[in-house]
Every structure is written in structure tokens, then in C-alpha cells.
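Shown next: my_file03.cif, containing mmCIF, C-alpha atoms.
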```cif
data_run
loop_
_atom_site.label_atom_id
_atom_site.label_comp_id
_atom_site.auth_asym_id
_atom_site.auth_seq_id
_atom_site.Cartn_x
_atom_site.Cartn_y
_atom_site.Cartn_z
CA MET A 104 -3.69 14.44 14.09
CA ARG A 105 -0.93 12.80 16.13
CA PHE A 106 1.66 14.92 14.36
CA CYS A 107 -0.28 17.98 15.48
CA LEU A 108 -0.87 16.82 19.07
CA GLU A 109 2.49 15.33 20.02
CA ARG A 110 5.24 17.69 21.16
CA GLN A 111 8.37 18.18 19.09
CA ARG A 112 6.82 16.72 15.94
CA GLU A 113 7.95 18.11 12.61
CA SER A 114 5.58 20.01 10.34
CA ASP A 115 6.63 18.32 7.08
CA PRO A 116 4.77 15.04 7.78
CA LYS A 117 1.52 16.96 8.26
CA TYR A 118 1.76 18.37 4.74
CA PHE A 119 2.97 15.08 3.31
CA LEU A 120 0.07 13.07 4.77
CA SER A 121 -2.46 15.57 3.40
CA LEU A 122 -0.92 15.31 -0.06
CA ARG A 123 -0.65 11.51 0.18
CA GLY A 124 -4.36 11.23 0.98
CA ALA A 125 -5.30 13.41 -1.98
CA GLU A 126 -3.09 11.43 -4.36
CA ASP A 127 -4.40 8.08 -3.09
CA ALA A 128 -7.94 9.37 -3.72
CA TRP A 129 -6.96 10.21 -7.30
CA HIS A 130 -5.53 6.70 -7.75
CA LEU A 131 -8.78 5.16 -6.50
CA ASP A 132 -10.86 7.38 -8.79
CA ALA A 133 -8.75 6.42 -11.83
CA CYS A 134 -9.07 2.70 -11.05
CA HIS A 135 -12.82 3.05 -10.52
CA GLY A 136 -13.12 4.79 -13.89
CA PHE A 137 -11.23 2.01 -15.69
CA ALA A 138 -13.40 -0.62 -14.00
CA ASP A 139 -16.57 1.16 -15.15
CA ARG A 140 -15.32 1.26 -18.73
CA LEU A 141 -14.37 -2.43 -18.68
CA GLY A 142 -17.74 -3.78 -17.66
CA GLY A 143 -18.60 -2.22 -14.35
CA PHE A 144 -17.28 -1.68 -10.85
CA ILE A 145 -18.06 -4.48 -8.41
CA ALA A 146 -18.66 -2.99 -4.98
CA GLU A 147 -17.47 -5.97 -2.95
CA PRO A 148 -16.09 -9.48 -3.42
CA ALA A 149 -18.50 -12.40 -3.67
CA ASN A 150 -17.03 -14.06 -0.59
CA LYS A 151 -18.26 -12.24 2.54
CA GLU A 152 -15.24 -13.39 4.55
CA TYR A 153 -12.92 -11.75 2.03
CA ALA A 154 -15.07 -8.61 1.94
CA ARG A 155 -14.72 -8.27 5.73
CA ARG A 156 -10.93 -8.07 5.40
CA PHE A 157 -11.27 -4.68 3.71
CA ASN A 158 -12.64 -3.14 6.92
CA GLN A 159 -9.33 -2.02 8.36
CA THR A 160 -8.93 0.13 11.47
CA LEU A 161 -5.69 1.93 10.63
CA HIS A 162 -7.02 5.43 11.24
CA ARG A 163 -8.30 4.49 14.69
CA GLU A 164 -5.13 2.61 15.55
CA VAL A 165 -2.84 5.52 14.80
CA LEU A 166 -4.80 7.64 17.29
CA ASP A 167 -3.98 5.14 20.06
CA ALA A 168 -1.30 6.74 22.27
CA ASP A 169 0.19 3.29 22.95
CA PHE A 170 0.81 2.81 19.25
CA GLY A 171 4.20 4.32 18.35
CA LEU A 172 3.82 6.92 15.64
CA ASP A 173 7.23 6.15 14.14
CA ALA A 174 6.28 2.47 14.00
CA TYR A 175 3.16 3.44 12.06
CA VAL A 176 5.22 5.50 9.58
CA ALA A 177 7.71 2.63 9.21
CA ALA A 178 5.14 -0.08 8.54
CA TYR A 179 2.33 1.76 6.81
CA VAL A 180 4.14 4.51 4.93
CA ALA A 181 7.73 3.48 4.20
CA LEU A 182 7.42 -0.29 3.80
CA ARG A 183 3.83 -0.54 2.59
CA ASP A 184 4.26 2.21 0.00
CA GLN A 185 7.50 0.59 -1.16
CA LEU A 186 5.68 -2.71 -1.66
CA GLU A 187 2.79 -0.98 -3.42
CA ALA A 188 5.27 0.74 -5.73
CA ALA A 189 6.77 -2.67 -6.53
CA LEU A 190 3.32 -4.00 -7.43
CA LEU A 191 2.68 -0.97 -9.63
CA GLU A 192 6.02 -1.51 -11.40
CA ALA A 193 5.06 -5.11 -12.13
CA SER A 194 1.63 -4.02 -13.37
CA LEU A 195 3.11 -1.35 -15.60
CA ALA A 196 5.52 -3.88 -17.14
CA ALA A 197 2.59 -6.21 -17.89
CA THR A 198 0.27 -3.52 -19.32
CA ARG A 199 -0.18 -3.23 -23.08
CA GLU A 200 -3.03 -0.71 -23.03
CA PRO A 201 -1.46 2.76 -23.48
CA VAL A 202 -3.96 4.82 -21.46
CA MET A 203 -3.73 2.42 -18.52
CA ALA A 204 0.06 2.44 -18.78
CA GLN A 205 0.07 6.23 -18.56
CA ALA A 206 -2.15 6.18 -15.47
CA LEU A 207 0.06 3.52 -13.86
CA GLU A 208 3.16 5.63 -14.53
CA LEU A 209 1.60 8.55 -12.66
CA MET A 210 0.50 6.33 -9.76
CA LEU A 211 3.94 4.76 -9.59
CA ARG A 212 5.58 8.19 -9.48
CA ASP A 213 3.39 9.11 -6.49
CA LYS A 214 3.94 5.82 -4.64
CA ARG A 215 7.71 6.02 -5.05
CA ARG A 216 7.63 9.53 -3.60
CA HIS A 217 5.43 8.38 -0.70
CA ALA A 218 7.81 5.54 0.15
CA GLN A 219 10.84 7.79 -0.17
CA PHE A 220 9.32 10.23 2.29
CA GLY A 221 8.73 7.43 4.79
CA TRP A 222 12.32 6.19 4.60
CA LEU A 223 13.75 9.73 4.81
CA TYR A 224 11.54 10.52 7.79
CA LEU A 225 12.69 7.40 9.64
CA ALA A 226 16.33 8.14 8.87
CA GLU A 227 15.95 11.71 10.13
CA ARG A 228 14.25 10.52 13.31
CA LYS A 229 16.83 7.74 13.64
CA SER A 230 13.90 5.48 14.43
CA GLN A 231 14.31 1.78 14.99
CA PHE A 232 12.25 -0.20 12.52
CA ASP A 233 9.51 -2.06 14.36
CA THR A 234 9.86 -5.59 12.97
CA VAL A 235 6.78 -6.81 14.84
CA ARG A 236 4.65 -4.07 13.30
CA ALA A 237 6.16 -4.72 9.87
CA SER A 238 5.47 -8.46 10.09
CA GLU A 239 1.91 -7.73 11.22
CA MET A 240 1.44 -5.40 8.25
CA LEU A 241 2.73 -8.03 5.82
CA GLU A 242 0.31 -10.59 7.24
CA ARG A 243 -2.57 -8.15 7.30
CA PHE A 244 -2.26 -6.82 3.76
CA TYR A 245 -0.44 -9.41 1.72
CA ALA A 246 -0.60 -12.91 3.23
CA SER A 247 -4.32 -12.32 3.87
CA GLY A 248 -4.92 -11.76 0.16
CA LEU A 249 -6.18 -8.25 0.82
CA MET A 250 -3.83 -6.52 -1.63
CA VAL A 251 -2.67 -9.58 -3.59
CA PRO A 252 -5.64 -11.96 -3.80
CA GLY A 253 -3.47 -14.77 -5.14
CA TYR A 254 -1.92 -15.17 -1.68
CA ASP A 255 -5.20 -16.50 -0.31
CA PRO A 256 -7.22 -18.00 -3.18
CA GLY A 257 -9.34 -19.90 -0.68
CA VAL A 258 -11.31 -16.75 0.10
CA ALA A 259 -10.43 -14.60 -2.94
CA GLN A 260 -10.72 -17.09 -5.79
CA ASP A 261 -13.02 -14.97 -8.00
CA VAL A 262 -10.83 -11.87 -7.62
CA ALA A 263 -7.60 -13.82 -8.13
CA GLN A 264 -9.01 -15.39 -11.32
CA ALA A 265 -10.16 -12.00 -12.63
CA ILE A 266 -6.66 -10.59 -12.05
CA GLU A 267 -5.08 -13.44 -14.01
CA ILE A 268 -7.46 -12.84 -16.94
CA ALA A 269 -6.75 -9.10 -16.89
CA ALA A 270 -2.99 -9.75 -16.67
CA GLN A 271 -3.08 -12.04 -19.72
CA ALA A 272 -4.95 -9.33 -21.62
CA GLY A 273 -2.41 -6.65 -20.58
CA LEU A 274 -5.09 -4.60 -18.83
CA GLY A 275 -3.32 -2.84 -15.96
CA VAL A 276 -2.33 -5.64 -13.60
CA ALA A 277 0.43 -8.22 -13.26
CA SER A 278 -0.08 -11.94 -12.82
CA PHE A 279 0.22 -13.41 -9.34
CA ALA A 280 3.63 -14.89 -10.20
CA ASP A 281 4.91 -11.45 -11.25
CA GLN A 282 3.34 -9.77 -8.19
CA LYS A 283 4.95 -12.29 -5.89
CA ALA A 284 8.37 -11.83 -7.50
CA ALA A 285 8.04 -8.02 -7.28
CA LEU A 286 7.19 -8.17 -3.58
CA GLN A 287 10.10 -10.50 -2.86
CA ARG A 288 12.52 -8.08 -4.59
CA ALA A 289 11.10 -5.10 -2.69
CA LEU A 290 11.39 -6.93 0.63
CA ALA A 291 14.98 -7.88 -0.18
CA ASP A 292 15.73 -4.19 -0.83
CA ALA A 293 14.15 -3.26 2.51
CA ARG A 294 16.26 -5.84 4.33
CA CYS A 295 19.46 -4.19 3.10
CA GLY A 296 19.20 -1.39 5.63
CA LEU A 297 16.74 -2.78 8.14
CA SER A 298 16.44 -5.71 10.49
CA LEU A 299 13.37 -7.24 8.91
CA PRO A 300 12.42 -10.90 9.44
#
```
As C-alpha cells:
Amino acid sequence: MRFCLERQRESDPKYFLSLRGAEDAWHLDACHGFADRLGGFIAEPANKEYARRFNQTLHREVLDADFGLDAYVAAYVALRDQLEAALLEASLAATREPVMAQALELMLRDKRRHAQFGWLYLAERKSQFDTVRASEMLERFYASGLMVPGYDPGVAQDVAQAIEIAAQAGLGVASFADQKAALQRALADARCGLSLP
């Protein structure tokens, strides 16, 4: 919406964000299907505090005129999608189930393209990377255990344990140690061209 309302905004991001949403929905549907076939989809974590962390307000935040749109693209498209691609790479490397591996390959292809768009957009806009926003995003999605439960086992113990079991079985996810290493490599790559704390 912001890309439509703000003056002098390019049209390409509008099409990209529509496609990104559709592809993310496909990723979610594929993961839901695998969960159903492996014993059932669990609607929410056992710990209510952890469950509350999934109620994010990103769509409302981006409509706030005081929130820089380029900062949003930097933190939540370029960097976040790059980190998600790194997690998918680690999961693919750990997966021994061929159908899951094929699905992960397709998801990884999409996430790499999403991240690449974000970086190209920022380069074209010559935008300064918002290190405060990036640090906030890292805290919000990773240190909180939201996307990598192993980072906060105090509230996500059941989910973190389930991930470790699935990782040992080669069922579509990497262990916490491998996830952590993948994120560290991706952050190091991001630091090459950006001033990121």
C-alpha cells in the first residue's frame, strides 16, 4: 500500500511483494501438509508466552508514516529473507527424506530470490541500512526464539526438542547448532557491504 501511496515509488516492488506473499503462502501450505502427514499439525505452542510472540504487527507498522519504508525493506525483506534462506540451506543439507528435500529446494529458490530483490532495491535506492531496525528485527525474530526456538528454550522447550528429534531423523529441519552456524555465516555476509552491529 505504501508503495502505491508514496510519491516517486517504483512499480517493481508492488509486483514483487504480491508474488512474495503468494510464494510464502505456498511455503506455509507445504509445511502444513508435511506436518499433517507426520502426526498432525499443532496449532500453537504449549507455552502461552511463546505463542504470544507469533502475534506480530508488521503489516500495521509498515503503514505508519513515521516508519521508513526503505528501513522496512532492509530489515524485513533483504536481511530477514537472507537469514531465512540460510536456515533453509541448513535444513536442506540435513534432510534425508527426498520429497521434503525437493520442497526445501523450491522454498530456498524463492527465498534467495526474495532476498536478492531486497538487496537490489536498496542498492538502487542508495538507501542507508537502518542498523537499529535490523538489530530490532534480529531480537524480535531470532533471539526471541520465534524463528529458531533453540535461542530461547526457556519458553520454547517443547518446540526446540521436537526440532532436534526431527533433525536427527533427517525430516526437513537442521539442528539448533547447524541453524546457529548458518545464521552466523549469513550475518557475516551481510556485514561485508553494510554497517551492521
Could you write out as an mmCIF file with C-alpha atoms, keeping the file's coordinate frame the residues that the PyMOL selection byres ((chain A and resi 196) around 12) matches in the shown file?
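result_22.cif, written as the output of this step:
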```
data_model
loop_
_atom_site.group_PDB
_atom_site.id
_atom_site.type_symbol
_atom_site.label_atom_id
_atom_site.label_comp_id
_atom_site.auth_asym_id
_atom_site.auth_seq_id
_atom_site.Cartn_x
_atom_site.Cartn_y
_atom_site.Cartn_z
ATOM 1 C CA ALA A 189 6.770 -2.670 -6.530
ATOM 2 C CA LEU A 190 3.320 -4.000 -7.430
ATOM 3 C CA LEU A 191 2.680 -0.970 -9.630
ATOM 4 C CA GLU A 192 6.020 -1.510 -11.400
ATOM 5 C CA ALA A 193 5.060 -5.110 -12.130
ATOM 6 C CA SER A 194 1.630 -4.020 -13.370
ATOM 7 C CA LEU A 195 3.110 -1.350 -15.600
ATOM 8 C CA ALA A 197 2.590 -6.210 -17.890
ATOM 9 C CA THR A 198 0.270 -3.520 -19.320
ATOM 10 C CA ARG A 199 -0.180 -3.230 -23.080
ATOM 11 C CA GLU A 200 -3.030 -0.710 -23.030
ATOM 12 C CA PRO A 201 -1.460 2.760 -23.480
ATOM 13 C CA MET A 203 -3.730 2.420 -18.520
ATOM 14 C CA ALA A 204 0.060 2.440 -18.780
ATOM 15 C CA GLN A 205 0.070 6.230 -18.560
ATOM 16 C CA LEU A 207 0.060 3.520 -13.860
ATOM 17 C CA GLU A 208 3.160 5.630 -14.530
ATOM 18 C CA LEU A 211 3.940 4.760 -9.590
ATOM 19 C CA ALA A 270 -2.990 -9.750 -16.670
ATOM 20 C CA GLY A 273 -2.410 -6.650 -20.580
ATOM 21 C CA LEU A 274 -5.090 -4.600 -18.830
ATOM 22 C CA GLY A 275 -3.320 -2.840 -15.960
ATOM 23 C CA VAL A 276 -2.330 -5.640 -13.600
ATOM 24 C CA ALA A 277 0.430 -8.220 -13.260
ATOM 25 C CA SER A 278 -0.080 -11.940 -12.820
ATOM 26 C CA ASP A 281 4.910 -11.450 -11.250
ATOM 27 C CA GLN A 282 3.340 -9.770 -8.190
ATOM 28 C CA ALA A 285 8.040 -8.020 -7.280
#
```
Selected residue, from A:Asp261, A:Asp184, A:Asp173, A:Asp292, that lies nearest to Arg236 in chain A when counting only C-alpha atoms: A:Asp173
Kindly compute an axis-aligned box around the listed atoms of range 202-212 of chain A, allowing 4 Å on each side, and express its centre and edge lengths in Å to one decimal as AutoDock Vina command-line options.
```
--center_x 0.8 --center_y 5.5 --center_z -15.5 --size_x 17.5 --size_y 14.1 --size_z 20.0
```
Nearest to Glu187 in chain A, chosen from A:Arg156, A:Lys283, A:Lys229, A:Lys151, with all atoms listed in the file counted in the distances: A:Lys283
Resolved residues for the PyMOL selection byres ((chain A and resi 153) around 12) as a list of chain:residue names: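 Listing what the PyMOL selection byres ((chain A and resi 153) around 12) selects in the shown file: A:Glu147, A:Pro148, A:Ala149, A:Asn150, A:Lys151, A:Glu152, A:Ala154, A:Arg155, A:Arg156, A:Phe157, A:Asn158, A:Phe244, A:Ser247, A:Gly248, A:Leu249, A:Met250, A:Val251, A:Pro252, A:Asp255, A:Pro256, A:Gly257, A:Val258, A:Ala259, A:Gln260, A:Asp261, A:Val262, A:Ala263.
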Å distance separating CA of Phe137 in chain A from CA of Phe279 in chain A, one decimal place: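 Interatomic distance, CA of Phe137 in chain A to CA of Phe279 in chain A: 20.2 Å.
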Nearest residue to Ala265 in chain A from the set A:Ala289, A:Ser238, A:Ala138, A:Glu126 (distances using all atoms listed in the file):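 The shortest atom-to-atom distance to Ala265 in chain A comes from A:Ala138.
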Residue contacts of Tyr224 in chain A (10 Å, all atoms listed in the file) excluding same-chain residues fewer than 4 positions away, as a ChimeraX atom specification: /A:113,115-116,173,176-177,180-181,218-220,228-230
Atom pair CA of Leu161 in chain A / CA of Gly143 in chain A: separation (Å): 28.4 Å
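Nearest residue to Arg243 in chain A among A:Gln159, A:Ala146, A:Asp127, A:Asp167 is A:Gln159, counting only C-alpha atoms.
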Nearest residue to Thr234 in chain A from the set A:Leu122, A:Ala128, A:Ile145, A:Ala178 (distances using all atoms listed in the file):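 Of A:Leu122, A:Ala128, A:Ile145, A:Ala178, the one nearest Thr234 in chain A, counting all atoms listed in the file, is A:Ala178.
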A:Tyr254, A:Leu223, A:Val202, A:Ala291 ranked by distance to Gly136 in chain A, top pick (using only C-alpha atoms):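 Among the listed residues, the smallest separation from Gly136 in chain A belongs to A:Val202.
The interatomic distance for the pair CA of Leu225 in chain A and CA of Tyr175 in chain A works out to 10.6 Å.
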Take the structure in the block and write a file for range 202-213 of chain A, all heavy atoms, as a compact mmCIF listing (two decimals), in the first residue's frame.
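The result, stored in out-v4.txt:
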```txt
# COMPACT_ATOMS: atom_id res chain seq x y z
N VAL A 202 11.32 -36.27 -0.72
CA VAL A 202 10.20 -35.37 -1.04
C VAL A 202 10.35 -34.06 -0.28
O VAL A 202 10.15 -32.97 -0.83
CB VAL A 202 8.84 -36.04 -0.74
CG1 VAL A 202 7.69 -35.07 -0.98
CG2 VAL A 202 8.66 -37.30 -1.59
N MET A 203 10.73 -34.14 0.99
CA MET A 203 10.98 -32.93 1.76
C MET A 203 12.14 -32.13 1.17
O MET A 203 12.09 -30.91 1.12
CB MET A 203 11.29 -33.27 3.22
CG MET A 203 10.09 -33.61 4.04
SD MET A 203 10.54 -33.80 5.76
CE MET A 203 8.93 -33.86 6.50
N ALA A 204 13.18 -32.83 0.75
CA ALA A 204 14.33 -32.15 0.17
C ALA A 204 13.92 -31.38 -1.09
O ALA A 204 14.35 -30.24 -1.30
CB ALA A 204 15.43 -33.15 -0.16
N GLN A 205 13.06 -31.98 -1.89
CA GLN A 205 12.60 -31.29 -3.10
C GLN A 205 11.79 -30.04 -2.75
O GLN A 205 11.97 -28.98 -3.37
CB GLN A 205 11.75 -32.24 -3.95
CG GLN A 205 11.37 -31.67 -5.30
CD GLN A 205 10.60 -32.67 -6.14
OE1 GLN A 205 10.02 -33.63 -5.63
NE2 GLN A 205 10.59 -32.46 -7.44
N ALA A 206 10.93 -30.14 -1.76
CA ALA A 206 10.14 -28.98 -1.34
C ALA A 206 11.07 -27.89 -0.79
O ALA A 206 10.89 -26.71 -1.10
CB ALA A 206 9.11 -29.39 -0.28
N LEU A 207 12.07 -28.27 0.01
CA LEU A 207 13.01 -27.30 0.55
C LEU A 207 13.80 -26.61 -0.55
O LEU A 207 14.09 -25.41 -0.46
CB LEU A 207 13.95 -27.97 1.56
CG LEU A 207 13.33 -28.34 2.90
CD1 LEU A 207 14.29 -29.21 3.71
CD2 LEU A 207 12.94 -27.11 3.69
N GLU A 208 14.16 -27.35 -1.59
CA GLU A 208 14.88 -26.74 -2.72
C GLU A 208 14.05 -25.65 -3.37
O GLU A 208 14.56 -24.57 -3.71
CB GLU A 208 15.24 -27.81 -3.75
CG GLU A 208 16.38 -28.71 -3.33
CD GLU A 208 16.60 -29.87 -4.29
OE1 GLU A 208 15.82 -30.00 -5.27
OE2 GLU A 208 17.53 -30.66 -4.06
N LEU A 209 12.77 -25.90 -3.54
CA LEU A 209 11.88 -24.90 -4.15
C LEU A 209 11.71 -23.69 -3.24
O LEU A 209 11.72 -22.54 -3.68
CB LEU A 209 10.53 -25.53 -4.49
CG LEU A 209 10.57 -26.61 -5.57
CD1 LEU A 209 9.21 -27.30 -5.69
CD2 LEU A 209 11.00 -26.04 -6.91
N MET A 210 11.54 -23.93 -1.94
CA MET A 210 11.41 -22.82 -0.98
C MET A 210 12.70 -22.00 -0.95
O MET A 210 12.64 -20.76 -0.91
CB MET A 210 11.12 -23.36 0.42
CG MET A 210 9.76 -23.99 0.58
SD MET A 210 9.58 -24.60 2.29
CE MET A 210 8.28 -25.79 2.07
N LEU A 211 13.83 -22.68 -0.96
CA LEU A 211 15.12 -21.99 -0.93
C LEU A 211 15.30 -21.13 -2.17
O LEU A 211 15.76 -19.98 -2.07
CB LEU A 211 16.24 -23.01 -0.80
CG LEU A 211 17.66 -22.48 -0.81
CD1 LEU A 211 17.88 -21.44 0.28
CD2 LEU A 211 18.66 -23.63 -0.67
N ARG A 212 14.91 -21.65 -3.32
CA ARG A 212 14.99 -20.86 -4.56
C ARG A 212 14.20 -19.57 -4.42
O ARG A 212 14.68 -18.49 -4.77
CB ARG A 212 14.43 -21.70 -5.72
CG ARG A 212 14.41 -20.98 -7.06
CD ARG A 212 13.41 -21.61 -8.01
NE ARG A 212 12.06 -21.49 -7.47
CZ ARG A 212 11.02 -22.13 -7.94
NH1 ARG A 212 11.13 -22.98 -8.94
NH2 ARG A 212 9.81 -21.96 -7.41
N ASP A 213 12.98 -19.67 -3.86
CA ASP A 213 12.14 -18.48 -3.69
C ASP A 213 12.76 -17.49 -2.70
O ASP A 213 12.82 -16.29 -2.96
CB ASP A 213 10.75 -18.88 -3.19
CG ASP A 213 9.96 -19.69 -4.21
OD1 ASP A 213 10.32 -19.67 -5.41
OD2 ASP A 213 8.98 -20.34 -3.80
```
